[in-house]
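Note: the block below is target.cif and it holds mmCIF, C-alpha atoms.
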```cif
data_target
#
loop_
_atom_site.group_PDB
_atom_site.id
_atom_site.type_symbol
_atom_site.label_atom_id
_atom_site.label_comp_id
_atom_site.auth_asym_id
_atom_site.auth_seq_id
_atom_site.Cartn_x
_atom_site.Cartn_y
_atom_site.Cartn_z
ATOM 1 C CA MET A 1 118.828 51.643 85.445
ATOM 2 C CA GLU A 2 115.043 51.913 85.333
ATOM 3 C CA MET A 3 113.280 54.938 86.749
ATOM 4 C CA SER A 4 109.614 55.329 87.568
ATOM 5 C CA SER A 5 107.703 58.372 86.304
ATOM 6 C CA ARG A 6 107.710 59.729 89.869
ATOM 7 C CA GLU A 7 111.494 59.430 90.026
ATOM 8 C CA LEU A 8 111.790 61.132 86.630
ATOM 9 C CA TRP A 9 109.642 64.060 87.796
ATOM 10 C CA THR A 10 111.726 64.309 90.968
ATOM 11 C CA VAL A 11 114.954 64.343 88.953
ATOM 12 C CA LEU A 12 113.473 66.997 86.634
ATOM 13 C CA HIS A 13 112.407 69.098 89.636
ATOM 14 C CA GLY A 14 115.610 68.804 91.624
ATOM 15 C CA MET A 15 118.483 68.076 89.281
ATOM 16 C CA VAL A 16 117.606 69.292 85.776
ATOM 17 C CA PHE A 17 115.960 72.564 86.805
ATOM 18 C CA GLY A 18 118.324 72.908 89.757
ATOM 19 C CA ALA A 19 121.501 72.559 87.695
ATOM 20 C CA ALA A 20 120.181 74.944 85.044
ATOM 21 C CA TYR A 21 119.195 77.392 87.795
ATOM 22 C CA LEU A 22 122.765 77.390 89.117
ATOM 23 C CA LEU A 23 124.081 78.055 85.612
ATOM 24 C CA ALA A 24 121.550 80.862 85.032
ATOM 25 C CA PHE A 25 122.428 82.494 88.358
ATOM 26 C CA THR A 26 126.131 82.464 87.548
ATOM 27 C CA GLY A 27 125.579 83.917 84.081
ATOM 28 C CA GLY A 28 123.121 86.541 85.314
ATOM 29 C CA PHE A 29 125.267 87.605 88.245
ATOM 30 C CA ILE A 30 128.341 88.150 86.074
ATOM 31 C CA ALA A 31 126.266 89.910 83.390
ATOM 32 C CA MET A 32 124.746 92.284 85.968
ATOM 33 C CA TRP A 33 128.037 92.896 87.750
ATOM 34 C CA ASP A 34 129.596 93.945 84.449
ATOM 35 C CA PHE A 35 126.571 95.974 83.345
ATOM 36 C CA ARG A 36 127.824 99.481 84.091
ATOM 37 C CA SER A 37 128.101 102.430 81.771
ATOM 38 C CA ASN A 38 131.773 103.132 82.484
ATOM 39 C CA TRP A 39 132.728 99.583 81.468
ATOM 40 C CA ILE A 40 130.584 99.164 78.374
ATOM 41 C CA VAL A 41 129.804 101.760 75.723
ATOM 42 C CA GLY A 42 127.845 102.195 72.487
ATOM 43 C CA GLU A 43 126.606 99.018 70.839
ATOM 44 C CA GLY A 44 128.105 97.009 73.707
ATOM 45 C CA VAL A 45 125.358 98.264 76.023
ATOM 46 C CA LYS A 46 122.657 96.710 73.824
ATOM 47 C CA VAL A 47 124.493 93.386 73.594
ATOM 48 C CA ALA A 48 125.177 93.312 77.336
ATOM 49 C CA ALA A 49 121.546 94.235 78.102
ATOM 50 C CA ARG A 50 120.277 91.416 75.885
ATOM 51 C CA ARG A 51 122.616 88.956 77.603
ATOM 52 C CA LEU A 52 121.491 90.176 81.025
ATOM 53 C CA MET A 53 117.821 89.774 80.093
ATOM 54 C CA VAL A 54 118.390 86.230 78.794
ATOM 55 C CA TRP A 55 120.141 85.099 82.003
ATOM 56 C CA THR A 56 117.750 86.778 84.437
ATOM 57 C CA TRP A 57 114.656 85.497 82.607
ATOM 58 C CA ALA A 58 116.201 82.014 82.433
ATOM 59 C CA MET A 59 116.617 82.062 86.206
ATOM 60 C CA ALA A 60 113.098 83.428 86.809
ATOM 61 C CA ILE A 61 111.447 80.877 84.496
ATOM 62 C CA LEU A 62 113.451 78.015 86.022
ATOM 63 C CA ALA A 63 112.456 79.180 89.511
ATOM 64 C CA TRP A 64 108.755 79.098 88.539
ATOM 65 C CA LEU A 65 109.072 75.710 86.834
ATOM 66 C CA THR A 66 110.857 74.275 89.865
ATOM 67 C CA VAL A 67 108.336 75.471 92.473
ATOM 68 C CA ILE A 68 105.283 74.643 90.348
ATOM 69 C CA VAL A 69 106.479 71.109 89.533
ATOM 70 C CA GLY A 70 107.623 70.682 93.138
ATOM 71 C CA THR A 71 104.379 71.918 94.675
ATOM 72 C CA TYR A 72 101.818 70.462 92.291
ATOM 73 C CA VAL A 73 103.481 67.289 90.947
ATOM 74 C CA VAL A 74 106.052 65.925 93.413
ATOM 75 C CA TYR A 75 104.734 67.230 96.758
ATOM 76 C CA PRO A 76 101.312 65.494 96.499
ATOM 77 C CA TRP A 77 103.142 62.161 96.110
ATOM 78 C CA TYR A 78 105.361 63.007 99.071
ATOM 79 C CA ARG A 79 102.492 63.912 101.422
ATOM 80 C CA ALA A 80 99.886 61.340 100.281
ATOM 81 C CA ASN A 81 98.182 59.462 103.114
ATOM 82 C CA PRO A 82 98.729 55.684 103.228
ATOM 83 C CA PRO A 83 95.802 53.318 103.823
ATOM 84 C CA PRO A 84 95.232 52.756 107.562
ATOM 85 C CA GLY A 85 97.564 50.188 109.073
ATOM 86 C CA THR A 86 100.265 50.509 106.408
ATOM 87 C CA ILE A 87 103.651 49.576 107.875
ATOM 88 C CA GLY A 88 106.986 48.248 106.683
ATOM 89 C CA THR A 89 107.963 48.208 103.003
ATOM 90 C CA PRO A 90 104.607 49.483 101.626
ATOM 91 C CA LEU A 91 105.101 52.660 103.708
ATOM 92 C CA MET A 92 108.063 53.528 101.445
ATOM 93 C CA GLN A 93 105.476 54.688 98.885
ATOM 94 C CA TYR A 94 104.496 57.464 101.331
ATOM 95 C CA PRO A 95 107.701 59.409 102.121
ATOM 96 C CA LYS A 96 106.189 61.890 104.595
ATOM 97 C CA HIS A 97 104.625 59.139 106.680
ATOM 98 C CA LEU A 98 107.735 56.993 106.374
ATOM 99 C CA LEU A 99 109.808 59.818 107.857
ATOM 100 C CA LEU A 100 107.274 60.543 110.607
ATOM 101 C CA SER A 101 107.013 56.859 111.547
ATOM 102 C CA ASP A 102 110.486 56.923 113.089
ATOM 103 C CA PRO A 103 111.521 59.558 115.671
ATOM 104 C CA HIS A 104 115.048 59.453 114.214
ATOM 105 C CA THR A 105 113.824 60.604 110.784
ATOM 106 C CA ALA A 106 110.798 62.730 111.736
ATOM 107 C CA GLU A 107 112.915 65.904 111.751
ATOM 108 C CA TRP A 108 113.535 65.481 108.022
ATOM 109 C CA HIS A 109 109.877 66.271 107.537
ATOM 110 C CA GLU A 110 109.190 68.561 110.487
ATOM 111 C CA PHE A 111 112.229 70.730 109.863
ATOM 112 C CA GLY A 112 113.580 69.902 106.406
ATOM 113 C CA MET A 113 110.443 69.656 104.299
ATOM 114 C CA GLU A 114 108.547 72.355 106.216
ATOM 115 C CA TRP A 115 111.428 74.767 105.554
ATOM 116 C CA LYS A 116 111.972 73.698 101.953
ATOM 117 C CA GLU A 117 108.359 73.941 100.804
ATOM 118 C CA HIS A 118 108.063 77.546 102.009
ATOM 119 C CA ILE A 119 111.482 79.129 101.461
ATOM 120 C CA ALA A 120 111.546 77.864 97.866
ATOM 121 C CA TRP A 121 108.658 80.182 96.954
ATOM 122 C CA LEU A 122 110.682 83.303 97.801
ATOM 123 C CA ALA A 123 113.005 82.564 94.856
ATOM 124 C CA PRO A 124 110.562 83.093 91.948
ATOM 125 C CA ILE A 125 109.238 86.318 93.482
ATOM 126 C CA LEU A 126 112.736 87.778 93.840
ATOM 127 C CA ALA A 127 114.070 86.446 90.525
ATOM 128 C CA THR A 128 111.037 87.611 88.538
ATOM 129 C CA ALA A 129 111.216 91.106 90.034
ATOM 130 C CA VAL A 130 114.847 91.324 88.892
ATOM 131 C CA ALA A 131 114.085 89.987 85.392
ATOM 132 C CA LEU A 132 111.177 92.388 84.832
ATOM 133 C CA LEU A 133 113.131 95.401 86.091
ATOM 134 C CA VAL A 134 116.176 94.502 83.988
ATOM 135 C CA THR A 135 113.985 94.169 80.898
ATOM 136 C CA ARG A 136 112.176 97.482 81.327
ATOM 137 C CA TYR A 137 114.817 99.706 82.928
ATOM 138 C CA HIS A 138 118.224 98.410 81.825
ATOM 139 C CA GLU A 139 119.327 101.859 80.600
ATOM 140 C CA ARG A 140 118.934 103.203 84.104
ATOM 141 C CA ILE A 141 120.514 100.143 85.694
ATOM 142 C CA ALA A 142 123.661 100.632 83.601
ATOM 143 C CA VAL A 143 124.244 104.078 85.094
ATOM 144 C CA ASP A 144 122.791 103.802 88.586
ATOM 145 C CA ALA A 145 125.021 101.968 91.059
ATOM 146 C CA HIS A 146 122.358 101.963 93.816
ATOM 147 C CA VAL A 147 119.861 100.166 91.604
ATOM 148 C CA ARG A 148 122.447 97.719 90.276
ATOM 149 C CA ARG A 149 123.573 96.793 93.800
ATOM 150 C CA ALA A 150 119.956 96.374 94.936
ATOM 151 C CA LEU A 151 119.135 94.068 92.029
ATOM 152 C CA LEU A 152 122.320 92.063 92.584
ATOM 153 C CA THR A 153 121.262 91.629 96.220
ATOM 154 C CA LEU A 154 117.746 90.430 95.324
ATOM 155 C CA TYR A 155 119.182 88.150 92.657
ATOM 156 C CA THR A 156 121.619 86.620 95.151
ATOM 157 C CA LEU A 157 118.844 86.202 97.741
ATOM 158 C CA ALA A 158 116.779 84.392 95.108
ATOM 159 C CA PHE A 159 119.686 82.040 94.550
ATOM 160 C CA LEU A 160 120.347 81.467 98.261
ATOM 161 C CA THR A 161 116.705 80.712 99.094
ATOM 162 C CA ALA A 162 116.518 78.260 96.199
ATOM 163 C CA SER A 163 119.794 76.704 97.339
ATOM 164 C CA VAL A 164 118.414 76.034 100.825
ATOM 165 C CA ALA A 165 115.353 74.409 99.261
ATOM 166 C CA GLY A 166 117.502 72.392 96.868
ATOM 167 C CA LEU A 167 119.821 71.160 99.604
ATOM 168 C CA MET A 168 116.915 70.170 101.856
ATOM 169 C CA GLY A 169 115.208 68.440 98.941
ATOM 170 C CA ALA A 170 118.308 66.407 98.113
ATOM 171 C CA LEU A 171 118.779 65.321 101.746
ATOM 172 C CA ILE A 172 115.095 64.440 102.216
ATOM 173 C CA ASN A 173 115.050 62.480 98.966
ATOM 174 C CA LYS A 174 118.035 60.503 100.245
ATOM 175 C CA ALA A 175 116.240 59.676 103.497
ATOM 176 C CA ALA A 176 112.849 58.930 101.908
ATOM 177 C CA PRO A 177 112.816 59.034 98.104
ATOM 178 C CA VAL A 178 109.654 59.657 96.118
ATOM 179 C CA ARG A 179 109.237 56.400 94.148
ATOM 180 C CA MET B 1 112.582 110.894 100.101
ATOM 181 C CA MET B 2 110.959 111.795 96.804
ATOM 182 C CA GLY B 3 111.931 114.402 94.243
ATOM 183 C CA THR B 4 110.801 115.429 90.829
ATOM 184 C CA PRO B 5 111.548 113.414 87.695
ATOM 185 C CA GLY B 6 114.993 113.970 86.283
ATOM 186 C CA GLU B 7 116.673 114.829 89.586
ATOM 187 C CA SER B 8 119.290 112.127 89.712
ATOM 188 C CA THR B 9 121.037 110.582 92.665
ATOM 189 C CA GLU B 10 124.352 110.614 90.813
ATOM 190 C CA LYS B 11 125.694 113.354 88.552
ATOM 191 C CA THR B 12 126.471 110.875 85.808
ATOM 192 C CA ILE B 13 122.920 109.528 85.546
ATOM 193 C CA PRO B 14 121.293 110.680 82.316
ATOM 194 C CA ARG B 15 117.646 111.723 82.374
ATOM 195 C CA ILE B 16 116.343 108.454 80.979
ATOM 196 C CA PHE B 17 113.837 107.151 83.515
ATOM 197 C CA PRO B 18 112.978 108.287 87.003
ATOM 198 C CA ASN B 19 114.074 105.597 89.448
ATOM 199 C CA GLY B 20 110.663 105.366 91.191
ATOM 200 C CA PRO B 21 109.353 102.462 89.078
ATOM 201 C CA ILE B 22 112.511 100.450 89.759
ATOM 202 C CA TRP B 23 112.344 100.965 93.519
ATOM 203 C CA SER B 24 108.633 100.162 93.486
ATOM 204 C CA GLY B 25 109.487 96.734 92.018
ATOM 205 C CA ILE B 26 112.251 96.175 94.562
ATOM 206 C CA LEU B 27 110.070 97.117 97.554
ATOM 207 C CA ALA B 28 107.130 95.085 96.212
ATOM 208 C CA ALA B 29 109.358 91.984 96.096
ATOM 209 C CA GLY B 30 110.072 92.473 99.801
ATOM 210 C CA ILE B 31 106.354 92.868 100.496
ATOM 211 C CA GLY B 32 105.567 89.679 98.565
ATOM 212 C CA CYS B 33 108.158 87.716 100.549
ATOM 213 C CA THR B 34 106.822 89.031 103.857
ATOM 214 C CA ALA B 35 103.268 88.201 102.784
ATOM 215 C CA LEU B 36 104.296 84.579 102.269
ATOM 216 C CA GLY B 37 105.956 84.502 105.688
ATOM 217 C CA ALA B 38 102.885 85.999 107.358
ATOM 218 C CA LEU B 39 100.557 83.523 105.654
ATOM 219 C CA VAL B 40 102.753 80.594 106.736
ATOM 220 C CA ASP B 41 102.615 81.769 110.361
ATOM 221 C CA LEU B 42 98.859 82.462 110.211
ATOM 222 C CA ALA B 43 98.149 79.005 108.779
ATOM 223 C CA GLU B 44 100.275 77.463 111.504
ATOM 224 C CA ALA B 45 98.522 79.428 114.226
ATOM 225 C CA SER B 46 94.955 78.785 113.089
ATOM 226 C CA LYS B 47 93.433 75.578 111.777
ATOM 227 C CA SER B 48 90.578 77.544 110.198
ATOM 228 C CA VAL B 49 93.028 79.759 108.287
ATOM 229 C CA SER B 50 94.916 76.653 107.192
ATOM 230 C CA ASN B 51 91.673 75.071 105.962
ATOM 231 C CA ALA B 52 90.680 78.278 104.167
ATOM 232 C CA LEU B 53 94.035 78.285 102.359
ATOM 233 C CA ASN B 54 93.586 74.698 101.193
ATOM 234 C CA PHE B 55 92.765 75.637 97.583
ATOM 235 C CA TYR B 56 93.965 72.314 96.160
ATOM 236 C CA ASN B 57 93.664 69.283 98.404
ATOM 237 C CA PRO B 58 96.645 67.195 97.170
ATOM 238 C CA THR B 59 98.949 70.116 98.031
ATOM 239 C CA GLY B 60 97.079 71.311 101.122
ATOM 240 C CA ASP B 61 97.342 74.855 102.434
ATOM 241 C CA LEU B 62 100.641 75.397 100.595
ATOM 242 C CA SER B 63 98.531 76.123 97.494
ATOM 243 C CA GLY B 64 96.684 79.000 99.164
ATOM 244 C CA LYS B 65 99.672 80.439 101.006
ATOM 245 C CA THR B 66 101.774 80.671 97.864
ATOM 246 C CA LEU B 67 98.995 81.821 95.525
ATOM 247 C CA LEU B 68 97.892 84.590 97.880
ATOM 248 C CA ALA B 69 101.504 85.703 98.459
ATOM 249 C CA VAL B 70 102.034 85.989 94.699
ATOM 250 C CA ILE B 71 98.804 88.003 94.340
ATOM 251 C CA ILE B 72 99.793 90.326 97.225
ATOM 252 C CA TRP B 73 103.242 90.820 95.631
ATOM 253 C CA LEU B 74 101.749 91.740 92.247
ATOM 254 C CA VAL B 75 99.085 94.041 93.738
ATOM 255 C CA ALA B 76 101.740 95.786 95.880
ATOM 256 C CA TRP B 77 103.880 96.261 92.775
ATOM 257 C CA VAL B 78 100.995 97.721 90.739
ATOM 258 C CA VAL B 79 100.006 100.114 93.553
ATOM 259 C CA LEU B 80 103.579 101.245 94.271
ATOM 260 C CA HIS B 81 104.329 101.606 90.570
ATOM 261 C CA ALA B 82 101.264 103.792 90.087
ATOM 262 C CA ARG B 83 102.388 106.033 92.953
ATOM 263 C CA TRP B 84 106.106 106.229 92.085
ATOM 264 C CA ARG B 85 106.234 105.948 88.290
ATOM 265 C CA ASN B 86 107.108 109.618 87.817
ATOM 266 C CA ARG B 87 109.096 110.064 91.025
ATOM 267 C CA GLU B 88 112.809 110.168 91.630
ATOM 268 C CA ILE B 89 113.554 108.406 94.918
ATOM 269 C CA GLN B 90 116.157 110.523 96.705
ATOM 270 C CA SER B 91 116.927 107.982 99.442
ATOM 271 C CA PRO B 92 117.247 104.646 97.662
ATOM 272 C CA GLY B 93 119.278 103.324 100.579
ATOM 273 C CA LYS B 94 116.208 103.580 102.811
ATOM 274 C CA ILE B 95 114.052 101.643 100.336
ATOM 275 C CA MET B 96 116.737 98.981 100.070
ATOM 276 C CA MET B 97 117.023 98.739 103.844
ATOM 277 C CA ILE B 98 113.242 98.359 104.212
ATOM 278 C CA THR B 99 113.262 95.692 101.487
ATOM 279 C CA LEU B 100 116.066 93.766 103.203
ATOM 280 C CA VAL B 101 114.225 93.935 106.533
ATOM 281 C CA LEU B 102 111.072 92.602 104.835
ATOM 282 C CA VAL B 103 112.974 89.723 103.227
ATOM 283 C CA PHE B 104 114.704 88.998 106.550
ATOM 284 C CA LEU B 105 111.309 88.909 108.297
ATOM 285 C CA ALA B 106 110.097 86.485 105.626
ATOM 286 C CA LEU B 107 113.127 84.247 106.163
ATOM 287 C CA ILE B 108 112.440 84.181 109.906
ATOM 288 C CA ALA B 109 108.708 83.605 109.387
ATOM 289 C CA VAL B 110 109.204 80.530 107.172
ATOM 290 C CA PHE B 111 111.834 78.984 109.475
ATOM 291 C CA PRO B 112 110.161 75.958 111.122
ATOM 292 C CA PRO B 113 111.500 76.490 114.677
ATOM 293 C CA PHE B 114 109.947 79.979 114.519
ATOM 294 C CA PHE B 115 106.552 79.201 113.028
ATOM 295 C CA SER B 116 106.134 76.099 115.183
ATOM 296 C CA LEU B 117 105.951 78.530 118.131
ATOM 297 C CA PHE B 118 102.480 79.404 116.807
ATOM 298 C CA ALA B 119 101.344 75.818 116.216
ATOM 299 C CA SER B 120 97.644 75.493 116.942
ATOM 300 C CA ASP B 121 97.802 71.799 117.936
#
```
Encoding of this model in structure tokens:
Amino acid sequence: MEMSSRELWTVLHGMVFGAAYLLAFTGGFIAMWDFRSNWIVGEGVKVAARRLMVWTWAMAILAWLTVIVGTYVVYPWYRANPPPGTIGTPLMQYPKHLLLSDPHTAEWHEFGMEWKEHIAWLAPILATAVALLVTRYHERIAVDAHVRRALLTLYTLAFLTASVAGLMGALINKAAPVR
Amino acid sequence: MMGTPGESTEKTIPRIFPNGPIWSGILAAGIGCTALGALVDLAEASKSVSNALNFYNPTGDLSGKTLLAVIIWLVAWVVLHARWRNREIQSPGKIMMITLVLVFLALIAVFPPFFSLFASD
């Protein structure tokens, strides 16, 4: 039942932030879908706008936390170079090199990690744009179907890009966990 | 594509805000995504670019690619916002289409089988 600090950071990066991200996306998507002037009126607009801001900012903040922890905490452990001549069990401390040491697992790095580390960074850009626009211009969003559809599209793209990264991360961590 | 403030794309839209600032944020997000894709491909194609983007050694060139993409996104947003803040965009569909093309280009650019075509070694 013991976990190393590296495993705890990896769980925080992939599972805690990831699960919360999924929840925030669901809440934000429903809140934005419902955020239209012919469905909500009067005081309801203010309440719905507040709810929409909370969900979209939650998703944006979680996206930043996930990529920053992933890039600057977990990734350096993943890509660290082993001392020359390291083979066998000690190589398990160096996941990238462990994967590359076997042609059967090299694709997990060359395809999986190379895709994950880049596509993940699209999510905070897209999610933050949505959160900022919702915060500043929600009155317009409530009455403008074009804008609402566009923001829903960006929001969904943010979720999908993060999902690809999350899936790749889970599979890579199964093949060569950061310990 | 542009009109004067207050001209709305739908009859029901009250004269609250012109839509220019919103579409500037949407288009800037597409530009930021494409910038990341372009930087990934450039770093793959050139070892010197990759080295130049290595802002933080434990993370390698990923640090530079992502930091520069974020800066390009924010600068694009500021510039577009300054130009469109009082405008009413009359063809929002075109802006959305351009944004989707930019995001699609970014998705292609960060896909390993694509960027490995430019591998320098």
Mind dumping a table of every chain B residue within 9 Å of chain A, with the nearest atom pair and its distance in Å to one decimal, using all atoms listed in the file, sorted by chain and rising number, as JSON lines?
```
{"residue": "B:Thr9", "atom": "CA", "partner": "A:Asp144", "partner_atom": "CA", "distance": 8.1}
{"residue": "B:Glu10", "atom": "CA", "partner": "A:Asp144", "partner_atom": "CA", "distance": 7.3}
{"residue": "B:Thr12", "atom": "CA", "partner": "A:Val143", "partner_atom": "CA", "distance": 7.2}
{"residue": "B:Ile13", "atom": "CA", "partner": "A:Val143", "partner_atom": "CA", "distance": 5.6}
{"residue": "B:Pro14", "atom": "CA", "partner": "A:Val143", "partner_atom": "CA", "distance": 7.7}
{"residue": "B:Arg15", "atom": "CA", "partner": "A:Arg140", "partner_atom": "CA", "distance": 8.8}
{"residue": "B:Ile16", "atom": "CA", "partner": "A:Arg140", "partner_atom": "CA", "distance": 6.6}
{"residue": "B:Phe17", "atom": "CA", "partner": "A:Arg140", "partner_atom": "CA", "distance": 6.5}
{"residue": "B:Pro18", "atom": "CA", "partner": "A:Arg140", "partner_atom": "CA", "distance": 8.4}
{"residue": "B:Asn19", "atom": "CA", "partner": "A:Arg140", "partner_atom": "CA", "distance": 7.6}
{"residue": "B:Pro21", "atom": "CA", "partner": "A:Leu133", "partner_atom": "CA", "distance": 8.5}
{"residue": "B:Ile22", "atom": "CA", "partner": "A:Leu133", "partner_atom": "CA", "distance": 6.3}
{"residue": "B:Trp23", "atom": "CA", "partner": "A:Val147", "partner_atom": "CA", "distance": 7.8}
{"residue": "B:Gly25", "atom": "CA", "partner": "A:Ala129", "partner_atom": "CA", "distance": 6.2}
{"residue": "B:Ile26", "atom": "CA", "partner": "A:Ala129", "partner_atom": "CA", "distance": 6.9}
{"residue": "B:Ala28", "atom": "CA", "partner": "A:Ala129", "partner_atom": "CA", "distance": 8.4}
{"residue": "B:Ala29", "atom": "CA", "partner": "A:Leu126", "partner_atom": "CA", "distance": 5.8}
{"residue": "B:Gly30", "atom": "CA", "partner": "A:Leu126", "partner_atom": "CA", "distance": 8.0}
{"residue": "B:Gly32", "atom": "CA", "partner": "A:Ile125", "partner_atom": "CA", "distance": 7.1}
{"residue": "B:Cys33", "atom": "CA", "partner": "A:Leu122", "partner_atom": "CA", "distance": 5.8}
{"residue": "B:Leu36", "atom": "CA", "partner": "A:Leu122", "partner_atom": "CA", "distance": 7.9}
{"residue": "B:Gly37", "atom": "CA", "partner": "A:His118", "partner_atom": "CA", "distance": 8.1}
{"residue": "B:Val40", "atom": "CA", "partner": "A:His118", "partner_atom": "CA", "distance": 7.7}
{"residue": "B:Tyr56", "atom": "CA", "partner": "A:Tyr72", "partner_atom": "CA", "distance": 8.9}
{"residue": "B:Asn57", "atom": "CA", "partner": "A:Pro76", "partner_atom": "CA", "distance": 8.7}
{"residue": "B:Pro58", "atom": "CA", "partner": "A:Pro76", "partner_atom": "CA", "distance": 5.0}
{"residue": "B:Thr59", "atom": "CA", "partner": "A:Pro76", "partner_atom": "CA", "distance": 5.4}
{"residue": "B:Gly60", "atom": "CA", "partner": "A:Pro76", "partner_atom": "CA", "distance": 8.6}
{"residue": "B:Leu62", "atom": "CA", "partner": "A:Thr71", "partner_atom": "CA", "distance": 7.8}
{"residue": "B:Ser63", "atom": "CA", "partner": "A:Thr71", "partner_atom": "CA", "distance": 7.7}
{"residue": "B:Lys65", "atom": "CA", "partner": "A:His118", "partner_atom": "CA", "distance": 8.9}
{"residue": "B:Thr66", "atom": "CA", "partner": "A:Trp121", "partner_atom": "CA", "distance": 7.0}
{"residue": "B:Val70", "atom": "CA", "partner": "A:Ile125", "partner_atom": "CA", "distance": 7.3}
{"residue": "B:Trp73", "atom": "CA", "partner": "A:Ile125", "partner_atom": "CA", "distance": 7.8}
{"residue": "B:Pro92", "atom": "CA", "partner": "A:His146", "partner_atom": "CA", "distance": 6.9}
{"residue": "B:Gly93", "atom": "CA", "partner": "A:His146", "partner_atom": "CA", "distance": 7.6}
{"residue": "B:Met96", "atom": "CA", "partner": "A:Ala150", "partner_atom": "CA", "distance": 6.6}
{"residue": "B:Leu100", "atom": "CA", "partner": "A:Leu154", "partner_atom": "CA", "distance": 8.7}
{"residue": "B:Val103", "atom": "CA", "partner": "A:Leu122", "partner_atom": "CA", "distance": 8.7}
{"residue": "B:Ala106", "atom": "CA", "partner": "A:Leu122", "partner_atom": "CA", "distance": 8.5}
{"residue": "B:Leu107", "atom": "CA", "partner": "A:Ile119", "partner_atom": "CA", "distance": 7.1}
{"residue": "B:Val110", "atom": "CA", "partner": "A:His118", "partner_atom": "CA", "distance": 6.1}
{"residue": "B:Phe111", "atom": "CA", "partner": "A:Trp115", "partner_atom": "CA", "distance": 5.8}
{"residue": "B:Pro112", "atom": "CA", "partner": "A:Phe111", "partner_atom": "CA", "distance": 5.8}
{"residue": "B:Pro113", "atom": "CA", "partner": "A:Phe111", "partner_atom": "CA", "distance": 7.5}
```
- prompt: So what does the PyMOL selection byres ((chain B and resi 45) around 7) actually pick up in this one, as a PyMOL selection string?
  reply: chain B and resi 41-44+46-47+118-120
Please produce a file of those selected residues containing C-alpha atoms, as a PDB file, in the coordinates of the input.
```
ATOM      1  CA  ASP B  41     102.615  81.769 110.361  1.00  0.00           C
ATOM      2  CA  LEU B  42      98.859  82.462 110.211  1.00  0.00           C
ATOM      3  CA  ALA B  43      98.149  79.005 108.779  1.00  0.00           C
ATOM      4  CA  GLU B  44     100.275  77.463 111.504  1.00  0.00           C
ATOM      5  CA  SER B  46      94.955  78.785 113.089  1.00  0.00           C
ATOM      6  CA  LYS B  47      93.433  75.578 111.777  1.00  0.00           C
ATOM      7  CA  PHE B 118     102.480  79.404 116.807  1.00  0.00           C
ATOM      8  CA  ALA B 119     101.344  75.818 116.216  1.00  0.00           C
ATOM      9  CA  SER B 120      97.644  75.493 116.942  1.00  0.00           C
TER      10      SER B 120
END
```
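The coordinates place atom CA of B:Gly64 at 25.7 Å from atom CA of A:Pro177.
Picture a line from atom CA of A:Gln93 to atom CA of A:Glu7; it runs 11.7 Å.
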Atom CA of A:Arg36 to atom CA of A:Leu152, straight-line distance in Å: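 Separating atom CA of A:Leu152 from atom CA of A:Arg36 is a distance of 12.5 Å.
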field: Chain and number of each residue from the PyMOL selection byres ((chain A and resi 55) around 8), as an MDAnalysis selection string
entry: chainID A and resid 24:25 27:28 31 51:54 56:59
task: Quick one: everything within 12 Å of A:Gly85, counting all atoms listed in the file, minus sequence neighbours fewer than 4 positions away in the same chain. Send it as a list in words.
output: Asn81, Pro90, Leu91, His97 and Ser101 of chain A
Return as lines of an AutoDock Vina configuration file the centre and edge lengths, in Å with one decimal, of the box along x, y and z that encloses every atom of stretch 98-107 of chain A in the file, padded by 6 Å per side.
```
center_x = 111.0
center_y = 61.4
center_z = 111.0
size_x = 20.0
size_y = 21.0
size_z = 21.3
```
Could stretch 44-53 of chain B be completed with N, CA and C atoms and written as a CSV table (one decimal), in the coordinates of the input, please?
```
chain,number,residue,atom,x,y,z
B,44,GLU,N,99.8,78.3,110.4
B,44,GLU,CA,100.3,77.5,111.5
B,44,GLU,C,99.5,77.7,112.8
B,45,ALA,N,99.2,79.0,113.0
B,45,ALA,CA,98.5,79.4,114.2
B,45,ALA,C,97.0,79.1,114.3
B,46,SER,N,96.4,79.0,113.1
B,46,SER,CA,95.0,78.8,113.1
B,46,SER,C,94.6,77.7,112.1
B,47,LYS,N,93.9,76.7,112.6
B,47,LYS,CA,93.4,75.6,111.8
B,47,LYS,C,92.4,76.1,110.7
B,48,SER,N,91.6,77.0,111.1
B,48,SER,CA,90.6,77.5,110.2
B,48,SER,C,91.2,78.3,109.1
B,49,VAL,N,92.3,79.1,109.4
B,49,VAL,CA,93.0,79.8,108.3
B,49,VAL,C,93.7,78.7,107.4
B,50,SER,N,94.3,77.7,108.0
B,50,SER,CA,94.9,76.7,107.2
B,50,SER,C,93.9,76.0,106.3
B,51,ASN,N,92.7,75.7,106.8
B,51,ASN,CA,91.7,75.1,106.0
B,51,ASN,C,91.2,76.0,104.8
B,52,ALA,N,91.1,77.3,105.2
B,52,ALA,CA,90.7,78.3,104.2
B,52,ALA,C,91.7,78.4,103.0
B,53,LEU,N,93.0,78.2,103.4
B,53,LEU,CA,94.0,78.3,102.4
B,53,LEU,C,94.3,77.0,101.6
```
